[in-house]
file run-v1.txt (compact mmCIF, C-alpha atoms)
# COMPACT_ATOMS: atom_id res chain seq x y z
CA MET A 1 -11.88 69.91 11.52
CA ARG A 2 -13.47 72.43 9.21
CA ILE A 3 -10.75 75.06 9.54
CA PRO A 4 -7.84 73.00 8.11
CA ALA A 5 -10.12 71.57 5.42
CA LEU A 6 -11.01 75.10 4.33
CA ALA A 7 -7.40 76.22 4.51
CA LEU A 8 -6.30 73.30 2.35
CA ALA A 9 -9.09 73.96 -0.12
CA ALA A 10 -8.05 77.61 -0.32
CA LEU A 11 -4.43 76.60 -0.93
CA LEU A 12 -5.40 74.24 -3.72
CA ALA A 13 -7.58 76.88 -5.37
CA LEU A 14 -4.85 79.53 -5.51
CA PRO A 15 -2.83 78.28 -8.50
CA ALA A 16 -5.91 77.78 -10.66
CA ALA A 17 -6.42 81.54 -10.69
CA ALA A 18 -2.96 82.07 -12.22
CA ALA A 19 -3.09 79.79 -15.24
CA ASP A 20 -1.71 82.34 -17.73
CA SER A 21 1.03 81.12 -20.03
CA LEU A 22 4.57 81.19 -18.71
CA PHE A 23 5.80 83.05 -21.80
CA GLU A 24 3.37 85.91 -21.12
CA GLY A 25 4.22 85.84 -17.42
CA LEU A 26 7.89 86.38 -18.17
CA GLY A 27 7.02 89.38 -20.33
CA GLY A 28 7.39 87.70 -23.71
CA LYS A 29 10.62 87.87 -25.72
CA ALA A 30 11.44 91.33 -24.42
CA GLY A 31 10.94 90.31 -20.78
CA ILE A 32 13.04 87.16 -21.21
CA GLY A 33 15.72 89.32 -22.85
CA ARG A 34 15.83 91.64 -19.86
CA ILE A 35 15.93 88.72 -17.40
CA VAL A 36 18.88 87.14 -19.22
CA GLU A 37 20.75 90.47 -19.45
CA THR A 38 20.39 90.74 -15.64
CA PHE A 39 21.11 87.05 -15.08
CA VAL A 40 24.39 86.67 -16.98
CA PRO A 41 26.40 89.31 -15.03
CA LEU A 42 25.08 87.76 -11.79
CA ILE A 43 26.54 84.40 -12.87
CA GLN A 44 29.85 85.98 -13.88
CA ASN A 45 30.16 87.67 -10.49
CA ASP A 46 28.99 84.73 -8.36
CA PRO A 47 32.11 83.26 -6.70
CA ARG A 48 30.37 79.88 -6.37
CA ILE A 49 30.16 79.40 -10.13
CA SER A 50 32.06 82.15 -11.97
CA GLU A 51 35.03 79.83 -12.58
CA SER A 52 32.88 77.56 -14.77
CA PHE A 53 32.10 80.49 -17.08
CA LYS A 54 35.53 82.13 -17.37
CA ASP A 55 36.17 80.69 -20.84
CA THR A 56 32.56 81.00 -21.97
CA ASP A 57 31.55 83.11 -24.98
CA ILE A 58 29.20 85.37 -23.02
CA LYS A 59 27.36 86.74 -26.06
CA ASN A 60 26.60 83.22 -27.20
CA LEU A 61 25.58 82.19 -23.68
CA SER A 62 23.08 85.07 -23.49
CA LEU A 63 21.66 84.20 -26.90
CA ARG A 64 21.25 80.51 -26.03
CA LEU A 65 19.69 81.25 -22.63
CA LYS A 66 17.15 83.57 -24.25
CA GLN A 67 16.29 80.92 -26.84
CA GLN A 68 16.09 78.19 -24.22
CA PHE A 69 13.94 80.10 -21.72
CA CYS A 70 11.65 81.29 -24.53
CA GLU A 71 11.17 77.76 -25.87
CA LEU A 72 10.69 76.25 -22.39
CA ALA A 73 8.12 78.95 -21.61
CA GLY A 74 6.11 77.97 -24.67
CA GLY A 75 7.18 81.00 -26.72
CA PRO A 76 7.84 81.12 -30.49
CA CYS A 77 11.56 80.30 -30.29
CA LYS A 78 13.83 77.37 -30.94
CA TYR A 79 16.85 76.60 -28.79
CA GLY A 80 19.70 76.16 -31.26
CA GLY A 81 22.52 75.17 -28.91
CA LYS A 82 23.94 71.82 -27.95
CA ASP A 83 22.04 69.53 -25.60
CA MET A 84 22.52 69.92 -21.87
CA THR A 85 24.56 66.74 -21.41
CA THR A 86 27.07 67.61 -24.16
CA ILE A 87 27.49 71.25 -23.18
CA HIS A 88 28.26 70.44 -19.52
CA ASP A 89 30.36 67.35 -20.20
CA GLY A 90 33.61 67.34 -18.23
CA LEU A 91 32.77 70.47 -16.23
CA ASN A 92 32.20 68.46 -13.02
CA ILE A 93 29.23 70.61 -12.05
CA THR A 94 27.91 69.93 -8.56
CA THR A 95 24.34 70.14 -7.29
CA ALA A 96 25.38 73.14 -5.18
CA GLN A 97 26.62 74.93 -8.34
CA PHE A 98 23.46 74.03 -10.22
CA ASN A 99 21.42 75.51 -7.37
CA ALA A 100 23.65 78.60 -7.18
CA LEU A 101 22.77 79.27 -10.81
CA ALA A 102 19.08 78.78 -10.02
CA GLU A 103 19.37 81.30 -7.19
CA ASP A 104 21.01 83.82 -9.52
CA LEU A 105 18.13 83.30 -11.94
CA GLN A 106 15.65 83.90 -9.11
CA ASP A 107 17.50 87.12 -8.25
CA ALA A 108 17.42 88.19 -11.90
CA MET A 109 13.68 87.53 -12.11
CA ASP A 110 13.10 89.35 -8.79
CA ARG A 111 14.92 92.39 -10.17
CA ASN A 112 12.69 92.32 -13.23
CA GLY A 113 9.52 92.10 -11.19
CA VAL A 114 8.55 88.54 -12.14
CA PRO A 115 6.07 87.17 -9.56
CA ALA A 116 7.19 84.15 -7.52
CA SER A 117 4.46 81.91 -8.95
CA VAL A 118 5.74 82.62 -12.49
CA GLN A 119 9.37 82.17 -11.43
CA ASN A 120 8.51 78.75 -10.01
CA LYS A 121 6.91 77.70 -13.30
CA LEU A 122 10.19 78.36 -15.13
CA LEU A 123 12.18 76.63 -12.36
CA ALA A 124 9.85 73.61 -12.69
CA LYS A 125 10.98 73.32 -16.35
CA LEU A 126 14.66 73.78 -15.51
CA ALA A 127 14.92 71.62 -12.36
CA PRO A 128 14.85 68.22 -14.12
CA MET A 129 17.93 69.31 -16.15
CA GLN A 130 19.91 68.69 -12.96
CA ARG A 131 20.14 65.06 -14.05
CA GLN A 132 21.94 66.01 -17.29
CA ILE A 133 24.01 68.92 -15.97
CA VAL A 134 25.26 67.65 -12.61
CA THR A 135 27.88 64.98 -13.19
CA LYS A 136 29.99 65.26 -10.06
CA MET B 1 21.97 65.24 26.50
CA LYS B 2 25.00 63.09 25.92
CA ALA B 3 23.70 62.13 22.49
CA ALA B 4 23.64 65.79 21.46
CA TRP B 5 27.35 66.06 22.16
CA ILE B 6 27.98 62.93 20.13
CA LEU B 7 26.05 64.50 17.25
CA LEU B 8 28.03 67.73 17.54
CA ALA B 9 31.27 65.71 17.61
CA LEU B 10 30.09 63.94 14.46
CA CYS B 11 29.55 67.36 12.84
CA GLY B 12 33.10 68.29 13.84
CA ALA B 13 34.51 65.10 12.36
CA LEU B 14 32.64 65.77 9.14
CA SER B 15 33.77 69.37 8.89
CA VAL B 16 36.85 68.28 6.92
CA GLN B 17 34.26 68.14 4.14
CA ALA B 18 32.87 71.65 4.57
CA GLN B 19 29.13 72.15 4.40
CA ASP B 20 28.09 73.51 1.01
CA MET B 21 24.77 75.10 2.13
CA GLY B 22 23.93 74.17 -1.44
CA LYS B 23 20.27 73.19 -1.36
CA LEU B 24 17.66 75.73 -2.36
CA THR B 25 16.12 77.84 0.40
CA ALA B 26 13.36 76.09 2.37
CA THR B 27 13.90 72.70 0.69
CA GLY B 28 14.99 71.13 3.97
CA GLY B 29 11.72 72.10 5.64
CA VAL B 30 11.72 73.34 9.22
CA SER B 31 11.99 71.38 12.50
CA GLN B 32 8.74 69.68 13.43
CA VAL B 33 7.69 69.28 17.05
CA GLU B 34 9.52 65.95 17.46
CA GLY B 35 12.74 67.29 15.94
CA ALA B 36 12.59 65.83 12.43
CA GLY B 37 12.71 67.86 9.24
CA GLY B 38 9.15 68.68 8.26
CA GLY B 39 6.44 71.16 9.00
CA GLY B 40 5.21 72.01 12.48
CA LEU B 41 3.50 68.77 13.48
CA VAL B 42 4.35 66.41 10.62
CA PRO B 43 7.69 64.88 9.57
CA TRP B 44 8.25 65.24 5.83
CA ALA B 45 10.29 63.20 3.34
CA LEU B 46 12.69 66.14 2.90
CA ILE B 47 16.10 65.75 4.55
CA THR B 48 16.81 68.55 7.02
CA GLY B 49 19.49 71.16 6.42
CA TYR B 50 21.14 72.62 3.35
CA GLY B 51 23.77 70.00 2.50
CA THR B 52 23.49 68.61 -1.03
CA ARG B 53 24.26 65.02 -1.95
CA ASP B 54 27.97 65.98 -1.82
CA SER B 55 27.84 67.49 1.64
CA TRP B 56 25.98 67.73 4.93
CA GLY B 57 24.07 70.27 6.93
CA ALA B 58 23.00 70.69 10.52
CA ASN B 59 20.67 72.82 12.55
CA ALA B 60 19.38 73.51 16.02
CA HIS B 61 15.83 74.45 16.87
CA ALA B 62 13.76 75.81 19.72
CA THR B 63 9.99 75.57 19.64
CA LEU B 64 7.31 76.70 22.03
CA VAL B 65 3.61 75.95 22.01
CA ARG B 66 1.24 77.84 24.31
CA THR B 67 -2.40 76.79 24.67
CA GLN B 68 -5.00 77.95 27.19
CA ASP B 69 -3.86 75.57 29.95
CA TYR B 70 -0.57 74.01 28.85
CA ALA B 71 2.87 74.75 27.46
CA LEU B 72 5.02 72.52 25.30
CA ASP B 73 8.65 73.37 24.61
CA SER B 74 10.98 71.47 22.32
CA ALA B 75 14.67 71.93 21.63
CA GLY B 76 16.99 69.84 19.56
CA VAL B 77 19.66 69.36 16.95
CA ALA B 78 19.54 67.61 13.61
CA LEU B 79 21.98 66.53 10.95
CA GLY B 80 21.35 65.87 7.27
CA LEU B 81 23.91 63.69 5.49
CA ALA B 82 24.28 63.74 1.70
CA ASP B 83 20.64 64.79 1.37
CA ARG B 84 19.95 61.12 2.08
CA VAL B 85 20.02 60.46 5.83
CA GLU B 86 18.72 62.57 8.67
CA ILE B 87 19.54 62.17 12.37
CA SER B 88 17.68 64.22 14.94
CA LEU B 89 17.60 64.61 18.71
CA ALA B 90 14.98 66.54 20.60
CA ARG B 91 13.87 67.07 24.16
CA GLN B 92 10.28 68.03 24.89
CA GLU B 93 8.95 69.54 28.08
CA PHE B 94 5.23 69.70 28.70
CA ARG B 95 3.92 71.87 31.52
CA GLY B 96 0.58 72.76 33.04
CA SER B 97 -0.11 76.46 33.44
CA ARG B 98 -3.43 76.35 35.29
CA ALA B 99 -4.20 75.06 38.81
CA PRO B 100 -4.40 72.31 39.92
CA LEU B 101 -1.95 71.21 37.21
CA ASP B 102 0.25 74.32 37.31
CA GLN B 103 3.12 72.32 38.81
CA LEU B 104 2.84 69.55 36.21
CA ARG B 105 5.97 68.89 34.17
CA ILE B 106 6.61 65.96 31.85
CA ARG B 107 9.76 65.52 29.80
CA GLN B 108 10.49 63.30 26.84
CA ASP B 109 13.59 62.61 24.74
CA ILE B 110 13.27 61.68 21.08
CA ALA B 111 15.94 60.34 18.74
CA GLY B 112 15.01 60.16 15.09
CA VAL B 113 16.51 58.66 11.96
CA LYS B 114 15.14 59.20 8.47
CA LEU B 115 16.27 57.70 5.18
CA ARG B 116 15.29 58.99 1.76
CA VAL B 117 14.46 55.93 -0.32
CA ALA B 118 13.00 57.21 -3.59
CA GLY B 119 12.17 60.25 -5.66
CA ASP B 120 13.42 63.81 -5.56
CA ALA B 121 11.07 66.57 -4.45
CA VAL B 122 13.06 69.29 -6.24
CA TYR B 123 14.60 67.79 -9.38
CA GLY B 124 11.83 65.27 -10.06
CA GLN B 125 9.44 67.98 -11.32
CA ASP B 126 8.77 65.91 -14.47
CA GLU B 127 8.05 62.71 -12.53
CA ALA B 128 4.85 61.55 -10.85
CA LEU B 129 6.84 59.98 -8.01
CA PRO B 130 7.14 62.17 -4.91
CA GLN B 131 10.17 62.09 -2.64
CA ILE B 132 9.70 59.19 -0.24
CA ALA B 133 11.45 58.61 3.08
CA VAL B 134 11.12 56.14 5.91
CA GLY B 135 11.86 57.05 9.50
CA VAL B 136 11.82 56.00 13.11
CA MET B 137 11.47 58.03 16.28
CA VAL B 138 12.72 56.40 19.45
CA LYS B 139 10.99 58.03 22.39
CA ARG B 140 11.76 57.87 26.08
CA ASN B 141 9.44 59.47 28.57
CA ARG B 142 11.49 60.91 31.45
CA GLY B 143 8.71 60.96 34.03
CA VAL B 144 6.13 63.21 35.61
CA ASP B 145 6.84 66.01 38.11
CA GLY B 146 4.27 68.00 40.03
CA LEU B 147 1.80 65.21 40.79
CA GLY B 148 3.68 64.03 43.86
CA ALA B 149 0.63 64.69 46.03
CA LEU B 150 -1.16 61.98 44.04
CA GLY B 151 1.84 59.70 44.26
CA VAL B 152 2.31 59.89 40.48
CA GLY B 153 5.86 60.09 39.12
CA LYS B 154 5.58 58.03 35.94
CA VAL B 155 3.24 58.01 32.97
CA THR B 156 2.56 54.32 33.62
CA GLN B 157 0.77 55.45 36.78
CA LEU B 158 -1.57 57.48 34.57
CA GLY B 159 -2.53 54.36 32.64
CA ALA B 160 0.16 54.10 29.95
CA ARG B 161 1.52 50.63 29.34
CA SER B 162 5.07 51.82 28.78
CA GLU B 163 7.39 54.80 29.27
CA ASN B 164 9.20 54.01 26.01
CA GLY B 165 8.01 53.68 22.46
CA VAL B 166 9.12 53.69 18.85
CA ASP B 167 7.20 55.38 16.04
CA TYR B 168 7.71 54.18 12.46
CA TYR B 169 6.69 56.32 9.51
CA VAL B 170 6.80 56.62 5.77
CA ALA B 171 6.50 60.12 4.30
CA ALA B 172 5.89 61.30 0.75
CA THR B 173 6.60 64.92 -0.17
CA ARG B 174 6.10 66.67 -3.46
CA ILE B 175 7.17 70.22 -4.25
CA ASP B 176 5.05 71.10 -7.26
CA LEU B 177 6.92 74.17 -8.50
CA ALA B 178 4.65 74.73 -11.49
CA ARG B 179 1.80 75.37 -9.05
CA SER B 180 3.99 76.72 -6.19
CA LEU B 181 2.59 73.98 -3.97
CA LEU B 182 4.05 71.58 -1.47
CA TRP B 183 2.11 68.59 -0.27
CA ASN B 184 3.02 65.85 2.13
CA ALA B 185 1.40 62.66 3.35
CA THR B 186 2.90 60.70 6.21
CA LEU B 187 1.68 57.35 7.52
CA ARG B 188 2.86 56.64 11.04
CA ALA B 189 2.60 53.50 13.16
CA THR B 190 2.57 54.57 16.80
CA LYS B 191 1.48 53.69 20.30
CA ALA B 192 2.20 57.19 21.61
CA ASN B 193 -0.26 59.11 23.78
CA GLN B 194 0.05 62.87 23.12
CA LEU B 195 3.27 62.33 21.13
CA GLY B 196 4.52 60.07 23.99
CA LEU B 197 4.27 62.77 26.66
CA LEU B 198 1.60 60.58 28.30
CA GLY B 199 3.46 57.38 27.53
CA PHE B 200 2.69 54.56 25.13
CA GLY B 201 -0.38 52.35 24.95
CA GLY B 202 -3.04 52.29 27.63
CA ASP B 203 -6.25 50.84 28.97
CA GLN B 204 -8.06 51.60 25.68
CA GLY B 205 -5.47 49.93 23.46
CA GLY B 206 -1.90 48.77 23.55
CA GLY B 207 -0.93 47.97 19.98
CA TYR B 208 0.38 49.99 17.07
CA ARG B 209 -2.14 52.16 15.26
CA ALA B 210 -1.71 53.58 11.76
CA GLN B 211 -2.17 57.34 11.76
CA LEU B 212 -2.32 59.66 8.75
CA GLU B 213 -0.65 63.06 8.78
CA LEU B 214 -1.15 65.57 5.98
CA SER B 215 0.45 68.89 5.05
CA GLY B 216 -0.29 71.31 2.26
CA ALA B 217 1.53 74.56 1.66
CA TYR B 218 1.75 77.40 -0.81
CA LEU B 219 5.17 78.75 -1.75
CA VAL B 220 4.36 82.45 -1.47
CA HIS B 221 7.91 83.24 -2.54
CA ARG B 222 11.23 81.55 -1.99
CA ARG B 223 11.56 82.86 1.55
CA LEU B 224 7.94 82.43 2.65
CA VAL B 225 5.77 79.32 2.84
CA ALA B 226 2.23 79.21 4.24
CA GLY B 227 0.17 76.11 4.84
CA ALA B 228 -1.87 73.82 7.02
CA GLU B 229 -1.38 70.43 8.59
CA TYR B 230 -3.55 67.71 10.04
CA ARG B 231 -2.25 64.95 12.27
CA MET B 232 -4.24 61.99 13.53
CA LYS B 233 -3.43 60.76 17.02
CA PRO B 234 -4.58 57.51 18.64
CA ALA B 235 -6.65 57.47 21.85
CA ASN B 236 -5.27 54.73 24.09
CA LEU B 237 -5.80 56.26 27.52
CA GLY B 238 -9.07 56.43 29.47
CA VAL B 239 -7.96 59.63 31.24
CA ASP B 240 -6.95 61.26 27.93
CA PRO B 241 -9.69 61.54 25.29
CA GLU B 242 -7.02 62.33 22.72
CA GLN B 243 -8.08 64.19 19.58
CA ASP B 244 -6.43 64.88 16.26
CA ALA B 245 -4.19 67.92 15.96
CA TRP B 246 -4.02 70.55 13.25
CA ASP B 247 -2.24 73.78 12.55
CA VAL B 248 -2.14 76.66 10.12
CA PHE B 249 1.40 77.97 9.66
CA VAL B 250 3.66 80.55 8.08
CA ALA B 251 7.38 79.80 7.75
CA TRP B 252 9.82 82.56 6.92
CA PHE B 253 13.35 81.88 5.69
CA PRO B 254 15.30 85.19 5.84
CA SER B 255 18.42 83.19 4.87
CA LYS B 256 19.67 79.61 4.88
CA ARG B 257 20.99 80.28 8.39
CA TRP B 258 17.64 81.04 9.94
CA SER B 259 14.00 80.17 9.76
CA LEU B 260 11.07 81.28 11.88
CA THR B 261 7.75 79.46 11.92
CA ALA B 262 4.56 80.77 13.48
CA ALA B 263 1.37 78.76 13.66
CA TYR B 264 -2.04 78.54 15.19
CA VAL B 265 -2.26 75.03 16.52
CA SER B 266 -4.98 72.84 17.98
CA LEU B 267 -3.89 69.87 20.07
CA GLY B 268 -7.45 68.89 21.09
CA GLN B 269 -8.55 67.86 24.55
CA ILE B 270 -5.77 66.54 26.78
CA THR B 271 -7.44 65.15 29.92
CA VAL B 272 -10.95 64.11 30.93
CA PHE B 273 -10.61 66.52 33.85
CA ASN B 274 -10.38 69.51 31.50
CA PRO B 275 -12.76 69.45 28.52
CA THR B 276 -11.19 72.54 26.85
CA ARG B 277 -9.81 71.89 23.39
CA GLN B 278 -6.26 73.15 23.69
CA ARG B 279 -5.50 75.73 21.03
CA GLY B 280 -2.92 78.43 20.78
CA LEU B 281 0.31 79.74 19.40
CA TYR B 282 3.21 77.77 17.99
CA LEU B 283 6.54 79.50 17.47
CA SER B 284 9.72 77.86 16.26
CA ALA B 285 13.16 79.15 15.38
CA GLN B 286 15.80 77.17 13.54
CA ALA B 287 19.46 78.05 13.14
CA GLY B 288 21.30 76.20 10.38
CA PHE B 289 24.99 75.65 9.76

call {"tool": "encode", "arguments": {"input": "run-v1.txt", "output": "structure tokens"}}
result
Amino acid sequence: MRIPALALAALLALPAAAADSLFEGLGGKAGIGRIVETFVPLIQNDPRISESFKDTDIKNLSLRLKQQFCELAGGPCKYGGKDMTTIHDGLNITTAQFNALAEDLQDAMDRNGVPASVQNKLLAKLAPMQRQIVTK
Amino acid sequence: MKAAWILLALCGALSVQAQDMGKLTATGGVSQVEGAGGGGLVPWALITGYGTRDSWGANAHATLVRTQDYALDSAGVALGLADRVEISLARQEFRGSRAPLDQLRIRQDIAGVKLRVAGDAVYGQDEALPQIAVGVMVKRNRGVDGLGALGVGKVTQLGARSENGVDYYVAATRIDLARSLLWNATLRATKANQLGLLGFGGDQGGGYRAQLELSGAYLVHRRLVAGAEYRMKPANLGVDPEQDAWDVFVAWFPSKRWSLTAAYVSLGQITVFNPTRQRGLYLSAQAGF
């Protein structure tokens, strides 16, 4: 069974080659800025979730997302907004809506040329927030 | 397949609560060869389909395997409920393609149930615990055609102790997003010979055996997954020196409605009368709704 053993070994070796920091991978502050500027209009025009953002201060949302992504990515920023539980309290967000937002973020990162392996690193940081954000 | 109609009727009854197709692409896996959500050969802990915990999802699959001397086709339907319970139905047909077994045809029906019991492969990125599910596969061999000249119409006449069997398994799946990796380990208790196509138990053993099944995959991007699997199989039959199976696969998810999986698969030797290790192409299409 040498072939599958080799294939598995090759698979496990792949990520080790891409151990650069997430912040660099996203293109630093400027890259994160561009991703968020692409991301926010996608959210606003996504019929699955746009309703949840109709009363949102979009400028503030963009600022907080940039801070949050930068901090999560290990960059020199500090998220200054409210915690995830408080900010989503009473919005009755579903798992499907949470995932719709994640898909919009993936689209935004695709459009800014972020490689899938880097995208997944950011998603790995965001995914556990489902427990605070999804209350329905 | 009366049971398939019951399952479709169940989908209809549930459609008052419309499917949300809300899970992330590929996170329901594809349809493995026995109809459960998983990879190609191995059932995973992921619940099939794209319904979130508030919804449900269903799919149908068709799979064909072509080795040097045999063909294996599988078709079935599966339902995922609340990202918690999975119900699957599949029919397999195994055929010989080389004389003197070119008239051989063996069919098997498989009904599966899977329950997610712990962990969350997607949202538990910060936890060590993988997603864990337990499952059963109830298998009924429908008999052997094409060996009439030998007076053989049932797998029990080939040495199997029974035409029916139940597999029990526990599966652990982790999607490690930070490394773009998926891994799965499944432990199965089974008496099945060649998945049950040659019946259950035999002259070399009649009891349950614990078999390990492993999958590893790289998430190339959100619509493409590539990996390999290894599946142990017991050897209960004197006429069937059964060997472990493995595959190397690529699964493509153009949308949540469709997936296509292509693999190179090795099923090992199948009968003492033909020493060739059976290897070849595995192709599977899944339509989700």

call {"tool": "closest_atom_pairs", "arguments": {"input": "run-v1.txt", "of": "chain B", "to": "chain A", "cutoff": "9 Å", "atoms": "all atoms listed in the file", "output": "JSON lines"}}
result
{"residue": "B:Asp20", "atom": "CA", "partner": "A:Ala96", "partner_atom": "CA", "distance": 6.8}
{"residue": "B:Met21", "atom": "CA", "partner": "A:Ala96", "partner_atom": "CA", "distance": 7.6}
{"residue": "B:Gly22", "atom": "CA", "partner": "A:Ala96", "partner_atom": "CA", "distance": 4.1}
{"residue": "B:Lys23", "atom": "CA", "partner": "A:Ala96", "partner_atom": "CA", "distance": 6.4}
{"residue": "B:Leu24", "atom": "CA", "partner": "A:Asn99", "partner_atom": "CA", "distance": 6.3}
{"residue": "B:Thr25", "atom": "CA", "partner": "A:Glu103", "partner_atom": "CA", "distance": 9.0}
{"residue": "B:Gly51", "atom": "CA", "partner": "A:Ala96", "partner_atom": "CA", "distance": 8.5}
{"residue": "B:Thr52", "atom": "CA", "partner": "A:Ala96", "partner_atom": "CA", "distance": 6.4}
{"residue": "B:Arg53", "atom": "CA", "partner": "A:Thr95", "partner_atom": "CA", "distance": 7.4}
{"residue": "B:Asp54", "atom": "CA", "partner": "A:Thr95", "partner_atom": "CA", "distance": 7.8}
{"residue": "B:Val122", "atom": "CA", "partner": "A:Ala127", "partner_atom": "CA", "distance": 6.8}
{"residue": "B:Tyr123", "atom": "CA", "partner": "A:Pro128", "partner_atom": "CA", "distance": 4.8}
{"residue": "B:Gly124", "atom": "CA", "partner": "A:Pro128", "partner_atom": "CA", "distance": 5.9}
{"residue": "B:Gln125", "atom": "CA", "partner": "A:Ala124", "partner_atom": "CA", "distance": 5.8}
{"residue": "B:Asp126", "atom": "CA", "partner": "A:Pro128", "partner_atom": "CA", "distance": 6.5}
{"residue": "B:Glu127", "atom": "CA", "partner": "A:Pro128", "partner_atom": "CA", "distance": 8.9}
{"residue": "B:Asp176", "atom": "CA", "partner": "A:Ala124", "partner_atom": "CA", "distance": 7.7}
{"residue": "B:Leu177", "atom": "CA", "partner": "A:Asn120", "partner_atom": "CA", "distance": 5.1}
{"residue": "B:Ala178", "atom": "CA", "partner": "A:Lys121", "partner_atom": "CA", "distance": 4.1}
{"residue": "B:Arg179", "atom": "CA", "partner": "A:Pro15", "partner_atom": "CA", "distance": 5.5}
{"residue": "B:Ser180", "atom": "CA", "partner": "A:Ser117", "partner_atom": "CA", "distance": 5.9}
{"residue": "B:Leu181", "atom": "CA", "partner": "A:Leu12", "partner_atom": "CA", "distance": 8.0}
{"residue": "B:Ser215", "atom": "CA", "partner": "A:Leu8", "partner_atom": "CA", "distance": 8.5}
{"residue": "B:Gly216", "atom": "CA", "partner": "A:Leu8", "partner_atom": "CA", "distance": 6.3}
{"residue": "B:Ala217", "atom": "CA", "partner": "A:Leu11", "partner_atom": "CA", "distance": 6.8}
{"residue": "B:Tyr218", "atom": "CA", "partner": "A:Leu11", "partner_atom": "CA", "distance": 6.2}
{"residue": "B:Leu219", "atom": "CA", "partner": "A:Ser117", "partner_atom": "CA", "distance": 7.9}
{"residue": "B:Val220", "atom": "CA", "partner": "A:Ala116", "partner_atom": "CA", "distance": 6.9}
{"residue": "B:His221", "atom": "CA", "partner": "A:Ala116", "partner_atom": "CA", "distance": 5.1}
{"residue": "B:Arg222", "atom": "CA", "partner": "A:Ala116", "partner_atom": "CA", "distance": 7.3}
{"residue": "B:Ala226", "atom": "CA", "partner": "A:Leu11", "partner_atom": "CA", "distance": 8.8}
{"residue": "B:Gly227", "atom": "CA", "partner": "A:Leu11", "partner_atom": "CA", "distance": 7.4}
{"residue": "B:Ala228", "atom": "CA", "partner": "A:Pro4", "partner_atom": "CA", "distance": 6.1}
{"residue": "B:Glu229", "atom": "CA", "partner": "A:Pro4", "partner_atom": "CA", "distance": 7.0}
{"residue": "B:Tyr230", "atom": "CA", "partner": "A:Pro4", "partner_atom": "CA", "distance": 7.1}
{"residue": "B:Asp244", "atom": "CA", "partner": "A:Met1", "partner_atom": "CA", "distance": 8.8}
{"residue": "B:Trp246", "atom": "CA", "partner": "A:Pro4", "partner_atom": "CA", "distance": 6.9}
{"residue": "B:Asp247", "atom": "CA", "partner": "A:Pro4", "partner_atom": "CA", "distance": 7.2}
{"residue": "B:Val248", "atom": "CA", "partner": "A:Pro4", "partner_atom": "CA", "distance": 7.1}

call {"tool": "atom_distance", "arguments": {"input": "run-v1.txt", "atom1": "CA of Ala58 (chain B)", "atom2": "CA of Gly39 (chain B)"}}
result
16.6 Å

call {"tool": "closest_atom_pairs", "arguments": {"input": "run-v1.txt", "of": "region 139-249 of chain B", "to": "region 270-285 of chain B", "cutoff": "8 Å", "atoms": "all atoms listed in the file", "output": "tab-separated table"}}
result
residue	atom	partner	partner_atom	distance
B:Gln194	CA	B:Ile270	CA	7.8
B:Val239	CA	B:Val272	CA	5.4
B:Asp240	CA	B:Thr271	CA	4.4
B:Pro241	CA	B:Thr271	CA	6.3
B:Glu242	CA	B:Ile270	CA	6.0
B:Gln243	CA	B:Ile270	CA	7.9

call {"tool": "write_last_selection", "arguments": {"input": "run-v1.txt", "atoms": "C-alpha atoms", "output": "mmCIF file, keeping the file's coordinate frame"}}
result
data_model
loop_
_atom_site.group_PDB
_atom_site.id
_atom_site.type_symbol
_atom_site.label_atom_id
_atom_site.label_comp_id
_atom_site.auth_asym_id
_atom_site.auth_seq_id
_atom_site.Cartn_x
_atom_site.Cartn_y
_atom_site.Cartn_z
ATOM 1 C CA GLN B 194 0.050 62.870 23.120
ATOM 2 C CA VAL B 239 -7.960 59.630 31.240
ATOM 3 C CA ASP B 240 -6.950 61.260 27.930
ATOM 4 C CA PRO B 241 -9.690 61.540 25.290
ATOM 5 C CA GLU B 242 -7.020 62.330 22.720
ATOM 6 C CA GLN B 243 -8.080 64.190 19.580
#

call {"tool": "closest_residue", "arguments": {"input": "run-v1.txt", "among": "B:Gly205, B:Pro43, B:Gly159, B:Gly268", "to": "Lys114 (chain B)", "atoms": "only C-alpha atoms"}}
result
B:Pro43
